[in-house]
file my_file_7.tsv (TSV, C-alpha atoms)
chain	number	residue	atom	x	y	z
A	1	MET	CA	0.00	0.00	0.00
A	2	GLN	CA	2.92	2.31	0.67
A	3	ILE	CA	4.09	1.80	-2.91
A	4	ILE	CA	0.66	2.78	-4.26
A	5	HIS	CA	0.63	5.84	-2.00
A	6	SER	CA	4.11	6.83	-3.20
A	7	LEU	CA	3.17	6.38	-6.87
A	8	LEU	CA	0.17	8.65	-6.37
A	9	ASP	CA	2.42	11.15	-4.62
A	10	LEU	CA	4.76	11.18	-7.63
A	11	GLN	CA	1.82	11.60	-9.98
A	12	SER	CA	0.46	14.52	-7.97
A	13	SER	CA	3.54	16.61	-8.76
A	14	ARG	CA	2.40	16.69	-12.40
A	15	ILE	CA	-1.18	17.75	-11.74
A	16	THR	CA	-2.02	21.44	-11.97
A	17	ASP	CA	-5.82	21.15	-11.70
A	18	ARG	CA	-6.75	21.84	-8.05
A	19	ALA	CA	-9.89	19.65	-8.10
A	20	ALA	CA	-7.97	16.69	-9.56
A	21	LEU	CA	-5.20	17.18	-7.01
A	22	ASP	CA	-7.75	17.19	-4.16
A	23	MET	CA	-9.32	13.96	-5.44
A	24	LEU	CA	-5.89	12.35	-5.66
A	25	ARG	CA	-5.07	13.42	-2.10
A	26	ASP	CA	-8.38	11.95	-0.88
A	27	SER	CA	-7.48	8.66	-2.57
A	28	GLN	CA	-4.05	8.72	-0.95
A	29	ASN	CA	-5.65	9.19	2.47
A	30	ARG	CA	-8.00	6.25	1.87
A	31	ILE	CA	-5.02	4.08	0.95
A	32	ARG	CA	-3.11	5.32	4.00
A	33	SER	CA	-6.07	4.42	6.23
A	34	MET	CA	-6.17	0.87	4.89
A	35	GLY	CA	-2.41	0.59	5.29
A	36	LEU	CA	-2.61	1.76	8.91
A	37	ILE	CA	-5.23	-0.91	9.62
A	38	HIS	CA	-2.84	-3.57	8.35
A	39	GLN	CA	0.09	-2.05	10.23
A	40	THR	CA	-1.94	-2.03	13.46
A	41	LEU	CA	-2.91	-5.65	12.85
A	42	TYR	CA	0.67	-6.75	12.25
A	43	GLN	CA	1.85	-5.00	15.41
A	44	SER	CA	-0.75	-6.75	17.56
A	45	LYS	CA	-0.57	-10.16	19.14
A	46	ASP	CA	-3.95	-11.15	17.67
A	47	PHE	CA	-3.80	-11.34	13.87
A	48	ALA	CA	-7.58	-11.67	13.55
A	49	ARG	CA	-8.49	-8.41	15.31
A	50	VAL	CA	-7.43	-4.78	15.15
A	51	ASP	CA	-7.18	-2.60	18.25
A	52	PHE	CA	-9.21	0.24	16.80
A	53	ARG	CA	-8.31	2.66	19.58
A	54	HIS	CA	-4.66	2.35	18.62
A	55	PHE	CA	-5.57	2.81	14.97
A	56	LEU	CA	-7.49	6.03	15.73
A	57	ASP	CA	-4.58	7.41	17.75
A	58	THR	CA	-2.39	6.97	14.66
A	59	LEU	CA	-4.84	7.96	11.91
A	60	VAL	CA	-6.17	11.23	13.30
A	61	PRO	CA	-2.82	13.10	13.48
A	62	THR	CA	-1.88	11.71	10.06
A	63	LEU	CA	-5.02	13.16	8.48
A	64	VAL	CA	-4.47	16.53	10.11
A	65	GLY	CA	-0.97	16.65	8.64
A	66	SER	CA	-2.14	15.47	5.23
A	67	TYR	CA	-4.68	18.28	4.90
A	68	GLY	CA	-2.31	20.88	6.28
A	69	ALA	CA	-4.77	21.82	9.00
A	70	ASN	CA	-3.48	24.52	11.29
A	71	PRO	CA	-3.38	23.03	14.82
A	72	ASP	CA	-3.89	26.53	16.23
A	73	ARG	CA	-7.23	26.74	14.38
A	74	THR	CA	-8.50	23.17	14.44
A	75	SER	CA	-8.18	20.89	17.44
A	76	LEU	CA	-8.84	17.18	17.32
A	77	SER	CA	-9.52	14.83	20.17
A	78	VAL	CA	-9.92	11.07	20.34
A	79	GLU	CA	-11.78	9.38	23.18
A	80	ALA	CA	-11.78	5.67	22.54
A	81	GLU	CA	-12.24	2.53	24.53
A	82	GLN	CA	-10.25	-0.49	23.49
A	83	VAL	CA	-12.46	-2.10	20.86
A	84	LEU	CA	-11.09	-5.09	18.94
A	85	LEU	CA	-12.59	-5.32	15.48
A	86	PRO	CA	-12.32	-8.10	12.90
A	87	ILE	CA	-10.09	-7.00	10.01
A	88	ASN	CA	-12.93	-6.45	7.50
A	89	ALA	CA	-14.92	-4.36	9.98
A	90	ALA	CA	-11.78	-2.40	10.89
A	91	ILE	CA	-11.08	-1.53	7.24
A	92	SER	CA	-14.66	-0.36	6.65
A	93	CYS	CA	-14.77	1.55	9.92
A	94	GLY	CA	-11.37	3.10	9.25
A	95	LEU	CA	-12.53	4.38	5.88
A	96	VAL	CA	-15.64	5.89	7.51
A	97	VAL	CA	-13.46	7.74	10.02
A	98	ASN	CA	-11.15	8.87	7.21
A	99	GLU	CA	-14.09	10.29	5.21
A	100	LEU	CA	-15.73	12.04	8.17
A	101	ILE	CA	-12.55	13.68	9.44
A	102	SER	CA	-11.48	14.64	5.91
A	103	ASN	CA	-14.86	16.26	5.26
A	104	ALA	CA	-14.70	18.17	8.53
A	105	LEU	CA	-11.16	19.39	7.81
A	106	LYS	CA	-12.09	20.47	4.27
A	107	TYR	CA	-15.52	22.02	4.81
A	108	ALA	CA	-16.47	22.65	8.45
A	109	PHE	CA	-14.14	25.57	9.14
A	110	PRO	CA	-13.95	27.93	6.14
A	111	GLY	CA	-11.72	30.97	6.13
A	112	GLU	CA	-10.09	31.63	9.47
A	113	ARG	CA	-12.83	29.92	11.50
A	114	ARG	CA	-11.59	27.96	14.52
A	115	GLY	CA	-13.09	24.67	15.55
A	116	GLU	CA	-12.95	21.30	17.19
A	117	ILE	CA	-13.35	17.78	15.86
A	118	ALA	CA	-13.95	14.92	18.28
A	119	VAL	CA	-13.83	11.19	17.56
A	120	ARG	CA	-15.38	8.81	20.09
A	121	LEU	CA	-15.49	5.02	20.12
A	122	SER	CA	-17.13	2.72	22.60
A	123	ALA	CA	-18.65	-0.75	22.81
A	124	ASP	CA	-21.89	-1.58	24.56
A	125	GLN	CA	-22.98	-4.70	26.45
A	126	THR	CA	-24.80	-6.11	23.41
A	127	GLY	CA	-21.66	-6.46	21.27
A	128	ARG	CA	-22.15	-3.30	19.24
A	129	ALA	CA	-19.63	-0.55	18.60
A	130	VAL	CA	-20.60	3.10	18.59
A	131	LEU	CA	-18.37	5.48	16.63
A	132	SER	CA	-19.07	9.20	16.49
A	133	VAL	CA	-17.33	12.06	14.73
A	134	THR	CA	-18.43	15.52	15.84
A	135	ASP	CA	-17.40	19.01	14.79
A	136	ASN	CA	-18.54	22.47	15.80
A	137	GLY	CA	-18.17	23.88	12.30
A	138	ILE	CA	-20.70	25.47	9.96
A	139	GLY	CA	-22.90	22.37	9.76
A	140	LEU	CA	-24.15	20.11	7.00
A	141	PRO	CA	-26.47	21.85	4.53
A	142	GLU	CA	-30.12	20.71	4.59
A	143	ASN	CA	-30.12	20.09	0.84
A	144	ILE	CA	-27.55	17.27	1.11
A	145	ASP	CA	-29.23	13.87	1.13
A	146	LEU	CA	-26.71	11.27	2.30
A	147	SER	CA	-28.40	8.46	0.38
A	148	LYS	CA	-28.40	10.43	-2.90
A	149	THR	CA	-25.35	12.65	-2.67
A	150	GLY	CA	-23.06	13.10	-5.64
A	151	THR	CA	-19.87	13.15	-3.55
A	152	LEU	CA	-17.82	9.99	-3.29
A	153	GLY	CA	-16.97	10.54	0.38
A	154	LEU	CA	-20.58	10.69	1.59
A	155	GLN	CA	-21.54	7.80	-0.71
A	156	LEU	CA	-18.73	5.74	0.81
A	157	ILE	CA	-19.95	6.48	4.34
A	158	THR	CA	-23.41	5.15	3.49
A	159	LEU	CA	-22.06	2.09	1.64
A	160	LEU	CA	-19.57	1.24	4.39
A	161	ALA	CA	-22.24	1.56	7.09
A	162	ASP	CA	-24.30	-0.96	5.10
A	163	GLN	CA	-21.26	-3.24	4.78
A	164	LEU	CA	-20.90	-3.15	8.56
A	165	SER	CA	-24.63	-3.97	8.99
A	166	GLY	CA	-24.74	-0.70	10.87
A	167	GLU	CA	-26.91	2.33	11.14
A	168	ILE	CA	-25.70	5.85	10.68
A	169	SER	CA	-27.44	8.87	12.15
A	170	VAL	CA	-26.65	12.49	11.42
A	171	ARG	CA	-27.16	15.72	13.30
A	172	ARG	CA	-26.56	18.52	10.80
A	173	SER	CA	-25.41	21.27	13.17
A	174	ASP	CA	-24.77	22.56	16.70
A	175	PRO	CA	-22.62	20.39	16.61
A	176	THR	CA	-22.52	18.36	13.40
A	177	GLU	CA	-22.39	14.71	14.41
A	178	PHE	CA	-22.24	11.42	12.56
A	179	VAL	CA	-22.89	8.35	14.70
A	180	LEU	CA	-22.25	4.85	13.36
A	181	ASN	CA	-23.65	1.98	15.41
A	182	PHE	CA	-22.68	-1.50	14.21
A	183	PRO	CA	-22.19	-5.08	15.46
A	184	ILE	CA	-18.58	-5.91	16.35
A	185	GLU	CA	-19.04	-9.46	15.09
A	186	PRO	CA	-20.61	-9.84	11.63
call {"tool": "encode", "arguments": {"input": "my_file_7.tsv", "output": "structure tokens"}}
result
Amino acid sequence: MQIIHSLLDLQSSRITDRAALDMLRDSQNRIRSMGLIHQTLYQSKDFARVDFRHFLDTLVPTLVGSYGANPDRTSLSVEAEQVLLPINAAISCGLVVNELISNALKYAFPGERRGEIAVRLSADQTGRAVLSVTDNGIGLPENIDLSKTGTLGLQLITLLADQLSGEISVRRSDPTEFVLNFPIEP
């Protein structure tokens, strides 16, 4: 995966179109997220499960750096319990986190606006995981329908939630919050 990421990085130096460059960077971040899942798995003692808390602690700062977010303007926090996810669930969940944080970094705080992004992960007694990504930015416009959006990132969130047999709920503002609730075991 690192090789693919590096090849895309080399290709990006030839692209002058800002929209194309942004799409390429988004693809690189998706690849990086999948690579981090595998790295976390290989570093663990259990090759069937990923410590998703550890993954989040690594992914979040990486995304901030990738988007060049100013840490004086945008703060990120991770509050996560230790939740061990099967590899397929971890990849899907990791991509959801990648999309939600990327969207918040790109759109929630326009201009010089300051803000906070919080990622929370917990497991309940029934064997379900609850993942939330919250930001206090400008909010999600009412005219955006998650099930019919034209953006790849929001489409991926919906598709990945379905893959996880999960449900996603959205609060559009004050604060904006996406909550994904899904079974830990398929």
call {"tool": "residues_around", "arguments": {"input": "my_file_7.tsv", "residues": "A:Asp26", "least_positions_apart": "2", "cutoff": "12 Å", "atoms": "only C-alpha atoms", "output": "short mmCIF file (atom, residue, chain, number, x, y, z; two decimals) with C-alpha atoms, in the frame of the given file"}}
result
data_model
loop_
_atom_site.label_atom_id
_atom_site.label_comp_id
_atom_site.auth_asym_id
_atom_site.auth_seq_id
_atom_site.Cartn_x
_atom_site.Cartn_y
_atom_site.Cartn_z
CA HIS A 5 0.63 5.84 -2.00
CA LEU A 8 0.17 8.65 -6.37
CA ASP A 9 2.42 11.15 -4.62
CA SER A 12 0.46 14.52 -7.97
CA ALA A 19 -9.89 19.65 -8.10
CA ALA A 20 -7.97 16.69 -9.56
CA LEU A 21 -5.20 17.18 -7.01
CA ASP A 22 -7.75 17.19 -4.16
CA MET A 23 -9.32 13.96 -5.44
CA LEU A 24 -5.89 12.35 -5.66
CA GLN A 28 -4.05 8.72 -0.95
CA ASN A 29 -5.65 9.19 2.47
CA ARG A 30 -8.00 6.25 1.87
CA ILE A 31 -5.02 4.08 0.95
CA ARG A 32 -3.11 5.32 4.00
CA SER A 33 -6.07 4.42 6.23
CA LEU A 63 -5.02 13.16 8.48
CA SER A 66 -2.14 15.47 5.23
CA TYR A 67 -4.68 18.28 4.90
CA LEU A 95 -12.53 4.38 5.88
CA ASN A 98 -11.15 8.87 7.21
CA GLU A 99 -14.09 10.29 5.21
CA LEU A 100 -15.73 12.04 8.17
CA ILE A 101 -12.55 13.68 9.44
CA SER A 102 -11.48 14.64 5.91
CA ASN A 103 -14.86 16.26 5.26
CA LEU A 105 -11.16 19.39 7.81
CA LYS A 106 -12.09 20.47 4.27
CA THR A 151 -19.87 13.15 -3.55
CA LEU A 152 -17.82 9.99 -3.29
CA GLY A 153 -16.97 10.54 0.38
#
call {"tool": "atom_distance", "arguments": {"input": "my_file_7.tsv", "atom1": "atom CA of A:Gly115", "atom2": "atom CA of A:Pro61"}}
result
15.6 Å
call {"tool": "atom_distance", "arguments": {"input": "my_file_7.tsv", "atom1": "atom CA of A:Ile138", "atom2": "atom CA of A:Glu79"}}
result
22.7 Å
call {"tool": "closest_residue", "arguments": {"input": "my_file_7.tsv", "among": "A:Leu59, A:Leu180, A:Ala69, A:Ala48", "to": "A:Gly111", "atoms": "only C-alpha atoms"}}
result
A:Ala69
call {"tool": "closest_residue", "arguments": {"input": "my_file_7.tsv", "among": "A:Pro141, A:Ile184, A:Val179, A:Ile117", "to": "A:Phe52", "atoms": "only C-alpha atoms"}}
result
A:Ile184
call {"tool": "closest_residue", "arguments": {"input": "my_file_7.tsv", "among": "A:Arg128, A:Val96, A:Ser75, A:Asp135", "to": "A:Leu154", "atoms": "all atoms listed in the file"}}
result
A:Val96
call {"tool": "atom_distance", "arguments": {"input": "my_file_7.tsv", "atom1": "atom CA of A:Leu140", "atom2": "atom CA of A:Ala123"}}
result
26.7 Å
call {"tool": "residues_around", "arguments": {"input": "my_file_7.tsv", "residues": "stretch 164-166 of chain A", "least_positions_apart": "4", "cutoff": "7 Å", "atoms": "only C-alpha atoms", "output": "count of residues only"}}
result
6
call {"tool": "residues_near_point", "arguments": {"input": "my_file_7.tsv", "point": "(-7.3, 16.9, 18.3)", "cutoff": "8 Å", "atoms": "all atoms listed in the file", "output": "list in words"}}
result
Val60, Pro61, Thr74, Ser75, Leu76, Ser77, Val78, Glu116, Ile117 and Ala118 of chain A
call {"tool": "closest_residue", "arguments": {"input": "my_file_7.tsv", "among": "A:Asp162, A:Ser92, A:Ile87, A:Arg73", "to": "A:Gly137", "atoms": "all atoms listed in the file"}}
result
A:Arg73
call {"tool": "closest_residue", "arguments": {"input": "my_file_7.tsv", "among": "A:Ser122, A:Gly65, A:Val50, A:Phe55", "to": "A:Arg25", "atoms": "all atoms listed in the file"}}
result
A:Gly65
call {"tool": "closest_residue", "arguments": {"input": "my_file_7.tsv", "among": "A:Val64, A:Ile15, A:Ile91, A:Val97", "to": "A:Arg120", "atoms": "only C-alpha atoms"}}
result
A:Val97
call {"tool": "decode", "arguments": {"input": "my_file_7.tsv", "residues": "stretch 99-113 of chain A", "atoms": "N, CA, C and O atoms", "output": "short mmCIF file (atom, residue, chain, number, x, y, z; two decimals), in the first residue's frame"}}
result
data_model
loop_
_atom_site.label_atom_id
_atom_site.label_comp_id
_atom_site.auth_asym_id
_atom_site.auth_seq_id
_atom_site.Cartn_x
_atom_site.Cartn_y
_atom_site.Cartn_z
N GLU A 99 -13.18 9.41 5.97
CA GLU A 99 -14.09 10.29 5.21
C GLU A 99 -14.66 11.40 6.10
O GLU A 99 -14.72 12.56 5.69
N LEU A 100 -15.09 11.04 7.30
CA LEU A 100 -15.73 12.04 8.17
C LEU A 100 -14.73 13.11 8.63
O LEU A 100 -15.05 14.30 8.62
N ILE A 101 -13.55 12.70 9.01
CA ILE A 101 -12.55 13.68 9.44
C ILE A 101 -12.09 14.52 8.25
O ILE A 101 -11.96 15.75 8.36
N SER A 102 -11.88 13.89 7.12
CA SER A 102 -11.48 14.64 5.91
C SER A 102 -12.52 15.69 5.56
O SER A 102 -12.18 16.84 5.26
N ASN A 103 -13.80 15.30 5.57
CA ASN A 103 -14.86 16.26 5.26
C ASN A 103 -14.87 17.41 6.24
O ASN A 103 -15.02 18.57 5.86
N ALA A 104 -14.71 17.11 7.51
CA ALA A 104 -14.70 18.17 8.53
C ALA A 104 -13.51 19.11 8.30
O ALA A 104 -13.67 20.33 8.35
N LEU A 105 -12.34 18.56 8.03
CA LEU A 105 -11.16 19.39 7.81
C LEU A 105 -11.30 20.26 6.56
O LEU A 105 -10.84 21.39 6.53
N LYS A 106 -11.96 19.73 5.53
CA LYS A 106 -12.09 20.47 4.27
C LYS A 106 -13.22 21.50 4.29
O LYS A 106 -13.08 22.55 3.67
N TYR A 107 -14.33 21.20 4.98
CA TYR A 107 -15.52 22.02 4.81
C TYR A 107 -16.07 22.69 6.07
O TYR A 107 -16.78 23.68 5.96
N ALA A 108 -15.80 22.17 7.24
CA ALA A 108 -16.47 22.65 8.45
C ALA A 108 -15.98 24.02 8.92
O ALA A 108 -16.72 24.74 9.58
N PHE A 109 -14.74 24.36 8.59
CA PHE A 109 -14.14 25.57 9.14
C PHE A 109 -13.57 26.46 8.03
O PHE A 109 -12.36 26.58 7.88
N PRO A 110 -14.45 27.10 7.25
CA PRO A 110 -13.95 27.93 6.14
C PRO A 110 -13.26 29.19 6.65
O PRO A 110 -13.48 29.64 7.78
N GLY A 111 -12.42 29.73 5.79
CA GLY A 111 -11.72 30.97 6.13
C GLY A 111 -10.82 30.78 7.34
O GLY A 111 -10.08 29.81 7.43
N GLU A 112 -10.91 31.68 8.25
CA GLU A 112 -10.09 31.63 9.47
C GLU A 112 -10.85 31.07 10.67
O GLU A 112 -10.43 31.23 11.82
N ARG A 113 -12.00 30.45 10.42
CA ARG A 113 -12.83 29.92 11.50
C ARG A 113 -12.06 28.87 12.31
O ARG A 113 -11.39 28.01 11.76
#
